[in-house]
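A.B. asks: Coordinates in my_file03.tsv, TSV, C-alpha atoms, are listed below.
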```tsv
chain	number	residue	atom	x	y	z
A	1	MET	CA	64.78	136.17	92.36
A	2	SER	CA	65.53	133.37	94.82
A	3	ARG	CA	67.83	133.93	97.77
A	4	ARG	CA	71.42	133.05	97.04
A	5	CYS	CA	73.00	133.08	100.49
A	6	ASN	CA	72.36	132.85	104.21
A	7	LEU	CA	72.27	135.92	106.42
A	8	ILE	CA	73.29	136.09	110.09
A	9	LEU	CA	71.94	138.94	112.23
A	10	ASP	CA	72.67	139.63	115.88
A	11	SER	CA	70.48	140.88	118.69
A	12	CYS	CA	72.18	144.28	118.82
A	13	CYS	CA	70.08	145.40	115.85
A	14	ASP	CA	67.10	145.85	118.22
A	15	LEU	CA	64.51	145.06	115.57
A	16	PRO	CA	61.23	143.36	116.45
A	17	TYR	CA	61.95	139.63	116.29
A	18	ARG	CA	59.16	139.06	113.78
A	19	ILE	CA	61.09	141.05	111.18
A	20	ILE	CA	64.14	138.80	111.20
A	21	ASP	CA	62.31	135.52	111.77
A	22	HIS	CA	62.76	134.10	108.25
A	23	GLU	CA	64.01	130.85	106.82
A	24	GLY	CA	67.61	131.37	105.79
A	25	VAL	CA	68.23	134.02	108.46
A	26	THR	CA	70.23	132.95	111.52
A	27	PHE	CA	69.73	134.94	114.71
A	28	VAL	CA	72.69	135.24	117.10
A	29	PRO	CA	71.88	136.52	120.60
A	30	PHE	CA	74.50	138.45	122.54
A	31	PRO	CA	74.95	137.43	126.19
A	32	TYR	CA	74.37	139.67	129.19
A	33	VAL	CA	74.81	139.06	132.91
A	34	THR	CA	72.63	140.18	135.81
A	35	SER	CA	72.61	139.22	139.48
A	36	ASP	CA	70.90	135.90	138.72
A	37	GLY	CA	73.42	134.79	136.10
A	38	GLU	CA	74.01	134.91	132.34
A	39	HIS	CA	71.18	135.37	129.88
A	40	LEU	CA	70.84	135.67	126.12
A	41	ASP	CA	69.38	138.73	124.46
A	42	ASP	CA	66.61	136.96	122.54
A	43	MET	CA	64.76	140.14	121.59
A	44	TYR	CA	62.30	139.84	124.46
A	45	GLN	CA	61.07	136.36	123.71
A	46	SER	CA	61.75	135.24	127.29
A	47	ILE	CA	61.50	138.52	129.24
A	48	THR	CA	59.57	141.75	128.78
A	49	PRO	CA	61.14	145.20	128.46
A	50	GLU	CA	59.26	146.27	131.58
A	51	GLN	CA	60.84	143.44	133.56
A	52	PHE	CA	64.38	144.16	132.36
A	53	TYR	CA	64.30	147.93	132.75
A	54	GLY	CA	62.31	147.67	135.96
A	55	ARG	CA	65.23	145.82	137.51
A	56	MET	CA	67.62	148.51	136.29
A	57	ARG	CA	65.45	151.25	137.75
A	58	ALA	CA	65.52	149.33	141.03
A	59	GLY	CA	69.31	149.62	141.05
A	60	GLU	CA	70.44	146.40	139.40
A	61	THR	CA	73.33	146.59	136.96
A	62	SER	CA	73.80	144.46	133.87
A	63	SER	CA	77.04	143.67	132.07
A	64	THR	CA	77.60	142.32	128.58
A	65	SER	CA	80.14	140.28	126.65
A	66	GLN	CA	80.86	139.49	123.04
A	67	ILE	CA	79.65	136.45	121.14
A	68	SER	CA	81.96	133.52	121.83
A	69	MET	CA	84.37	131.98	119.36
A	70	PRO	CA	82.81	128.47	119.68
A	71	THR	CA	79.39	129.90	118.82
A	72	MET	CA	80.66	131.56	115.64
A	73	ILE	CA	82.73	128.52	114.63
A	74	GLU	CA	79.65	126.33	115.01
A	75	LEU	CA	77.54	128.64	112.84
A	76	PHE	CA	80.16	128.95	110.10
A	77	THR	CA	80.97	125.23	110.17
A	78	GLU	CA	77.31	124.34	109.65
A	79	ALA	CA	77.13	126.69	106.66
A	80	ALA	CA	80.41	125.39	105.22
A	81	LYS	CA	79.30	121.76	105.49
A	82	LYS	CA	76.13	122.57	103.54
A	83	GLY	CA	78.05	124.61	100.99
A	84	GLU	CA	75.90	127.66	101.76
A	85	PRO	CA	77.47	131.11	101.21
A	86	THR	CA	76.92	133.12	104.39
A	87	VAL	CA	77.13	136.76	105.47
A	88	TYR	CA	77.18	137.95	109.07
A	89	LEU	CA	76.00	141.56	109.47
A	90	CYS	CA	77.88	142.38	112.65
A	91	PHE	CA	77.59	144.86	115.50
A	92	SER	CA	80.06	147.75	115.09
A	93	SER	CA	83.70	146.65	115.39
A	94	SER	CA	84.45	149.96	117.12
A	95	MET	CA	82.17	149.03	120.02
A	96	SER	CA	82.70	145.30	120.44
A	97	GLY	CA	85.30	142.61	119.80
A	98	SER	CA	82.66	140.37	118.23
A	99	TYR	CA	83.67	141.43	114.73
A	100	ASP	CA	87.24	140.24	115.31
A	101	VAL	CA	85.98	137.02	116.89
A	102	ALA	CA	83.72	136.37	113.90
A	103	CYS	CA	86.56	137.02	111.44
A	104	MET	CA	88.85	134.63	113.31
A	105	ALA	CA	86.09	132.02	113.42
A	106	ALA	CA	85.53	132.30	109.67
A	107	ASP	CA	89.26	131.92	109.02
A	108	THR	CA	89.39	128.88	111.32
A	109	VAL	CA	86.54	127.18	109.49
A	110	LYS	CA	88.11	127.95	106.10
A	111	GLU	CA	91.18	125.97	107.13
A	112	THR	CA	88.98	122.86	106.99
A	113	TYR	CA	86.63	124.09	104.24
A	114	PRO	CA	88.84	126.28	102.01
A	115	ASP	CA	86.11	126.82	99.42
A	116	ALA	CA	83.56	128.07	101.92
A	117	GLU	CA	82.12	131.53	101.28
A	118	LEU	CA	81.98	133.08	104.72
A	119	TYR	CA	81.84	136.86	105.05
A	120	VAL	CA	81.74	139.14	108.08
A	121	ALA	CA	80.37	142.60	107.28
A	122	ASP	CA	81.02	145.34	109.83
A	123	SER	CA	77.84	147.39	110.22
A	124	GLY	CA	79.71	150.23	111.94
A	125	LEU	CA	76.43	150.73	113.81
A	126	ALA	CA	74.42	149.51	116.79
A	127	SER	CA	70.86	149.35	118.07
A	128	ILE	CA	68.13	150.58	115.73
A	129	ALA	CA	70.71	152.14	113.38
A	130	GLU	CA	72.11	148.65	112.85
A	131	GLY	CA	68.48	147.57	112.65
A	132	LEU	CA	67.76	149.89	109.72
A	133	LEU	CA	70.75	148.48	107.86
A	134	ALA	CA	69.63	144.93	108.67
A	135	HIS	CA	66.07	145.69	107.58
A	136	GLU	CA	67.18	146.80	104.13
A	137	ALA	CA	69.82	144.03	103.92
A	138	LEU	CA	66.95	141.58	104.30
A	139	ARG	CA	65.26	143.14	101.28
A	140	GLN	CA	68.44	143.02	99.22
A	141	TRP	CA	68.95	139.42	100.35
A	142	ASN	CA	65.44	138.57	99.17
A	143	LYS	CA	66.17	140.21	95.81
A	144	GLY	CA	68.95	137.70	95.21
A	145	LEU	CA	72.28	139.37	95.95
A	146	THR	CA	75.16	136.92	96.22
A	147	ALA	CA	77.01	136.65	99.52
A	148	ARG	CA	79.87	138.78	98.23
A	149	GLU	CA	77.50	141.35	96.77
A	150	LEU	CA	75.56	141.53	100.03
A	151	LYS	CA	78.73	142.05	102.08
A	152	ASP	CA	79.85	144.84	99.76
A	153	TRP	CA	76.37	146.38	99.85
A	154	ILE	CA	76.34	146.41	103.67
A	155	GLU	CA	79.76	148.01	103.94
A	156	GLU	CA	78.78	150.84	101.59
A	157	ALA	CA	75.15	151.32	102.66
A	158	ARG	CA	76.10	151.74	106.33
A	159	TYR	CA	77.33	155.28	105.68
A	160	TYR	CA	73.85	156.39	104.60
A	161	VAL	CA	72.20	155.40	107.87
A	162	ASN	CA	71.45	158.59	109.80
A	163	CYS	CA	70.40	158.53	113.44
A	164	ARG	CA	70.04	160.49	116.63
A	165	PHE	CA	69.40	159.31	120.16
A	166	VAL	CA	69.06	160.73	123.63
A	167	VAL	CA	69.96	158.92	126.84
A	168	GLU	CA	68.49	159.69	130.25
A	169	ASP	CA	71.59	158.66	132.22
A	170	LEU	CA	74.97	158.81	130.48
A	171	GLU	CA	77.09	157.35	133.26
A	172	ALA	CA	76.92	153.79	131.88
A	173	LEU	CA	78.11	154.88	128.44
A	174	ALA	CA	81.00	156.84	129.93
A	175	ARG	CA	81.88	154.02	132.34
A	176	GLY	CA	82.09	151.57	129.43
A	177	GLY	CA	84.32	153.93	127.47
A	178	ARG	CA	81.66	154.44	124.79
A	179	LEU	CA	81.24	158.16	125.45
A	180	PRO	CA	83.62	160.85	126.74
A	181	ALA	CA	83.34	161.38	130.50
A	182	ILE	CA	82.50	165.08	130.01
A	183	GLY	CA	79.20	164.05	128.43
A	184	SER	CA	78.27	162.06	131.50
A	185	TYR	CA	79.17	164.97	133.80
A	186	LEU	CA	77.07	167.46	131.87
A	187	GLY	CA	74.15	165.08	131.65
A	188	SER	CA	74.03	164.28	135.34
A	189	LYS	CA	74.83	167.70	136.82
A	190	LEU	CA	73.19	170.18	134.49
A	191	ASP	CA	70.30	168.24	132.90
A	192	ILE	CA	72.09	168.67	129.60
A	193	LYS	CA	71.01	166.06	127.08
A	194	PRO	CA	73.72	165.34	124.52
A	195	LEU	CA	72.49	164.30	121.09
A	196	ILE	CA	74.45	161.21	120.10
A	197	THR	CA	75.08	159.48	116.79
A	198	PHE	CA	77.73	157.30	115.13
A	199	ASP	CA	80.70	158.66	113.27
A	200	SER	CA	81.88	157.10	110.01
A	201	GLU	CA	84.19	154.76	111.94
A	202	GLY	CA	81.37	153.29	113.99
A	203	LYS	CA	82.10	155.12	117.25
A	204	LEU	CA	79.65	157.12	119.33
A	205	THR	CA	80.02	160.86	118.92
A	206	LEU	CA	78.31	163.93	120.36
A	207	VAL	CA	76.61	166.15	117.79
A	208	GLY	CA	74.84	168.62	120.04
A	209	MET	CA	73.76	169.45	123.58
A	210	VAL	CA	70.46	170.83	124.82
A	211	ARG	CA	68.80	171.28	128.19
A	212	GLY	CA	66.04	168.76	128.78
A	213	ARG	CA	64.32	166.06	126.75
A	214	LYS	CA	61.78	168.35	125.06
A	215	LYS	CA	64.49	170.45	123.45
A	216	ALA	CA	66.39	167.32	122.50
A	217	LEU	CA	63.28	166.03	120.77
A	218	LYS	CA	62.89	169.34	118.93
A	219	GLN	CA	66.43	169.14	117.56
A	220	MET	CA	65.89	165.54	116.51
A	221	VAL	CA	62.86	166.59	114.49
A	222	GLU	CA	64.81	169.46	112.91
A	223	PHE	CA	67.57	167.04	111.92
A	224	PHE	CA	64.97	164.79	110.31
A	225	GLN	CA	63.37	167.65	108.39
A	226	LYS	CA	66.74	168.71	107.03
A	227	ASN	CA	68.01	165.27	106.00
A	228	PHE	CA	65.10	162.95	105.21
A	229	ASP	CA	64.26	163.01	101.51
A	230	PRO	CA	61.26	160.88	100.49
A	231	ASN	CA	62.19	161.31	96.84
A	232	GLN	CA	65.21	159.04	97.32
A	233	GLY	CA	62.88	156.04	97.47
A	234	GLU	CA	63.88	154.72	100.92
A	235	HIS	CA	61.06	155.70	103.27
A	236	THR	CA	61.68	153.46	106.29
A	237	VAL	CA	62.11	155.21	109.64
A	238	ILE	CA	62.76	153.22	112.80
A	239	VAL	CA	62.00	154.71	116.21
A	240	GLY	CA	63.17	152.93	119.33
A	241	HIS	CA	63.09	153.32	123.07
A	242	ALA	CA	64.29	151.80	126.32
A	243	ASP	CA	61.00	151.50	128.18
A	244	CYS	CA	59.84	155.07	127.63
A	245	PRO	CA	56.94	154.57	125.20
A	246	GLU	CA	55.51	158.04	125.83
A	247	ASP	CA	58.69	159.73	124.63
A	248	VAL	CA	58.98	157.67	121.48
A	249	ALA	CA	55.27	158.18	120.77
A	250	ARG	CA	55.78	161.96	120.93
A	251	LEU	CA	58.84	161.65	118.70
A	252	ARG	CA	56.97	159.62	116.13
A	253	GLU	CA	53.99	161.98	116.22
A	254	LYS	CA	56.22	164.99	115.54
A	255	LEU	CA	58.13	163.20	112.78
A	256	GLU	CA	54.90	162.16	111.08
A	257	ALA	CA	53.63	165.74	111.30
A	258	THR	CA	56.50	167.05	109.17
A	259	GLU	CA	55.98	167.46	105.44
A	260	ASN	CA	58.33	164.61	104.55
A	261	GLY	CA	57.47	162.48	107.55
A	262	SER	CA	53.95	161.95	106.34
A	263	GLN	CA	55.44	159.78	103.57
A	264	ALA	CA	57.61	157.68	105.90
A	265	GLU	CA	57.00	154.05	106.83
A	266	PHE	CA	57.56	153.72	110.56
A	267	ILE	CA	58.79	150.70	112.50
A	268	GLU	CA	58.96	150.76	116.29
A	269	GLY	CA	61.62	148.79	118.15
A	270	THR	CA	62.41	148.31	121.81
A	271	ILE	CA	66.03	148.56	122.90
A	272	GLY	CA	67.16	145.09	123.93
A	273	PRO	CA	68.96	144.05	127.12
A	274	VAL	CA	72.48	144.20	125.64
A	275	ILE	CA	72.25	147.77	124.34
A	276	GLY	CA	69.99	148.58	127.29
A	277	SER	CA	72.72	147.52	129.71
A	278	HIS	CA	74.81	150.43	128.42
A	279	VAL	CA	72.18	153.12	127.83
A	280	GLY	CA	69.81	152.37	130.70
A	281	PRO	CA	66.06	153.04	130.80
A	282	GLY	CA	64.78	156.22	129.18
A	283	MET	CA	66.74	156.22	125.93
A	284	PHE	CA	64.80	157.10	122.78
A	285	ALA	CA	66.06	157.28	119.21
A	286	PHE	CA	65.27	157.29	115.53
A	287	THR	CA	67.07	156.36	112.34
A	288	PHE	CA	66.48	156.76	108.60
A	289	TRP	CA	68.23	156.69	105.23
A	290	GLY	CA	69.87	160.02	104.52
A	291	PRO	CA	73.05	161.75	103.32
A	292	ASP	CA	76.44	160.03	103.23
A	293	ARG	CA	77.87	160.48	106.72
A	294	ARG	CA	81.42	160.41	105.36
A	295	ASN	CA	80.81	163.92	104.02
A	296	ASN	CA	80.54	165.16	107.63
A	297	VAL	CA	84.15	164.29	108.41
A	298	SER	CA	86.15	167.37	109.36
A	299	LEU	CA	88.80	168.75	107.03
A	300	THR	CA	91.62	167.82	109.41
A	301	ASP	CA	90.34	164.24	109.71
A	302	ARG	CA	90.19	163.97	105.92
A	303	ILE	CA	93.81	165.10	105.74
A	304	ALA	CA	94.77	162.54	108.38
A	305	ARG	CA	93.05	159.76	106.43
A	306	ARG	CA	94.84	160.77	103.25
A	307	VAL	CA	98.20	160.75	105.03
A	308	LYS	CA	97.50	157.29	106.46
A	309	SER	CA	96.54	155.91	103.04
A	310	GLU	CA	99.75	157.25	101.53
```
Before anything else, please render the file you have as structure tokens.
C.D. replies:
Amino acid sequence: MSRRCNLILDSCCDLPYRIIDHEGVTFVPFPYVTSDGEHLDDMYQSITPEQFYGRMRAGETSSTSQISMPTMIELFTEAAKKGEPTVYLCFSSSMSGSYDVACMAADTVKETYPDAELYVADSGLASIAEGLLAHEALRQWNKGLTARELKDWIEEARYYVNCRFVVEDLEALARGGRLPAIGSYLGSKLDIKPLITFDSEGKLTLVGMVRGRKKALKQMVEFFQKNFDPNQGEHTVIVGHADCPEDVARLREKLEATENGSQAEFIEGTIGPVIGSHVGPGMFAFTFWGPDRRNNVSLTDRIARRVKSE
């Protein structure tokens, strides 16, 4: 089937640029700021990972900001003028205000073009987990889903993205409010490596703690063995790293050595400057299609959700 809508993807998906470089796909880079000014996260088209993380290792800090309202209005206006239905698969609304900005931009454009089909789909994810969702969204887009169908698909499929990642230095995540401060303390003082994932609301959450990277890697592999099912038909596994290729190579080797991993199709990504600004060098991660993460919500949280809905 022919494609029936446009798709917007942002740089926080941390996929190799070649994967999203297609006609009909619009790439939106997030901005980041270093000592020499503002830059755009263009998925390492203008800088290498070694250069970016080398500066961080030398002590330089990097800050980030959300995509601007004028940028989103311009993108949606162009689509509306052409009469092209458009979906923006957005970085988690629980970690950035870009989702709200995009929604406001779409509403602003619809005031002038009331018939425009402009959708903002909250991925509830970031980095390579968002990348896995984007990778499959591209396939569904190619199969001919309408804009509305693609938005609905994204907002249901996101719950089946399973991931784990380990960060070398947790202070940046804690400082930015993206991880509880206790995790940073344990990581820095005791060489405890928290295993981190996303909860069903798109927030970072701790799912385990181990001493050292080797044990963290072991638990990651065990999680994969328990939850990756090649019989479900979705075999893609994305591994990613923030300038620690040896770690991610060991992770991939161990995943491939598992019974189910031998049937997986691996993609390797490098964590871009925006996500890298918050996780720092040394982060490694993997993501795959697995069980519905909503089933992992605690009993008390389920009760709270039911009370809120009533």
A.B. asks: Can you report as lines of an AutoDock Vina configuration file the centre and edge lengths in Å, to one decimal, of an axis-aligned box around the listed atoms of region 103-120 of chain A padded with 4 Å on each side?
C.D. replies:
```
center_x = 86.5
center_y = 131.0
center_z = 106.4
size_x = 17.4
size_y = 24.3
size_z = 22.0
```
A.B. asks: Tell me which protein, DNA and RNA residues are within 8 Å of region 247-253 of chain A, counting only C-alpha atoms, leaving out same-chain ones fewer than 2 positions away, and put them as a ChimeraX atom specification.
C.D. replies: /A:217,221,239-241,244-245,255-257,284-285
A.B. asks: Taking 2 positions as the minimum chain separation for residues in the same chain, which residues sit within 12 Å of Asp199 (chain A) when counting all atoms listed in the file? Answer as number ranges by chain.
C.D. replies: A: 92, 94-95, 124-126, 129, 158-164, 196-197, 201-207, 292-298, 301
A.B. asks: Just give me the gap between CA of Arg148 (chain A) and CA of Pro16 (chain A) in Å, one decimal is fine.
C.D. replies: 26.5 Å
A.B. asks: For CA of Ser11 (chain A) and CA of Pro29 (chain A), determine how far apart the two atoms are, in Å to one decimal place.
C.D. replies: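 Separation of CA of Ser11 (chain A) and CA of Pro29 (chain A): 5.0 Å.
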A.B. asks: Rounded to one decimal, what separation in Å do you get between CA of Leu118 (chain A) and CA of Thr86 (chain A)?
C.D. replies: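 Rounded to one decimal, the two atoms are 5.1 Å apart.
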A.B. asks: When distances are computed from all atoms listed in the file, which of A:Glu111, A:Asp36, A:Glu78, A:Asp14 shows the smallest separation from Pro49 (chain A)?
C.D. replies: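 Of all the options, A:Asp14 lies closest to Pro49 (chain A).
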A.B. asks: Using all atoms listed in the file, determine which residues lie at most 12 Å from Lys82 (chain A), disregarding the query and same-chain residues fewer than 3 positions distant; provide the list as a list in words.
C.D. replies: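 Counting all atoms listed in the file, the residues come to Cys5, Asn6, Leu75, Phe76, Thr77, Glu78, Ala79, Pro85, Thr86, Tyr113, Asp115, Ala116 and Glu117 of chain A.
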A.B. asks: Include C-alpha atoms and write out the residues we just selected as an mmCIF file, in the frame of the given file.
C.D. replies:
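See selection.cif below for the written result:
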```cif
data_model
loop_
_atom_site.group_PDB
_atom_site.id
_atom_site.type_symbol
_atom_site.label_atom_id
_atom_site.label_comp_id
_atom_site.auth_asym_id
_atom_site.auth_seq_id
_atom_site.Cartn_x
_atom_site.Cartn_y
_atom_site.Cartn_z
ATOM 1 C CA CYS A 5 73.000 133.080 100.490
ATOM 2 C CA ASN A 6 72.360 132.850 104.210
ATOM 3 C CA LEU A 75 77.540 128.640 112.840
ATOM 4 C CA PHE A 76 80.160 128.950 110.100
ATOM 5 C CA THR A 77 80.970 125.230 110.170
ATOM 6 C CA GLU A 78 77.310 124.340 109.650
ATOM 7 C CA ALA A 79 77.130 126.690 106.660
ATOM 8 C CA PRO A 85 77.470 131.110 101.210
ATOM 9 C CA THR A 86 76.920 133.120 104.390
ATOM 10 C CA TYR A 113 86.630 124.090 104.240
ATOM 11 C CA ASP A 115 86.110 126.820 99.420
ATOM 12 C CA ALA A 116 83.560 128.070 101.920
ATOM 13 C CA GLU A 117 82.120 131.530 101.280
#
```
A.B. asks: Return the single residue from A:Met56, A:Ala102, A:Val166, A:Val87 that is closest to Ser35 (chain A), with distances computed using all atoms listed in the file.
C.D. replies: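 Selected residue with least distance to Ser35 (chain A): A:Met56.
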A.B. asks: Have a look at A:His39, A:Cys13, A:Thr64, A:Gly54 and name the one nearest to Phe27 (chain A); count only C-alpha atoms.
C.D. replies: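 Of all the options, A:Cys13 lies closest to Phe27 (chain A).
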A.B. asks: Have a look at A:Gly131, A:Ser93, A:Asp42, A:Ile8 and name the one nearest to Met72 (chain A); count only C-alpha atoms.
C.D. replies: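 Answer, going by the shortest atom-to-atom distance: A:Ile8.
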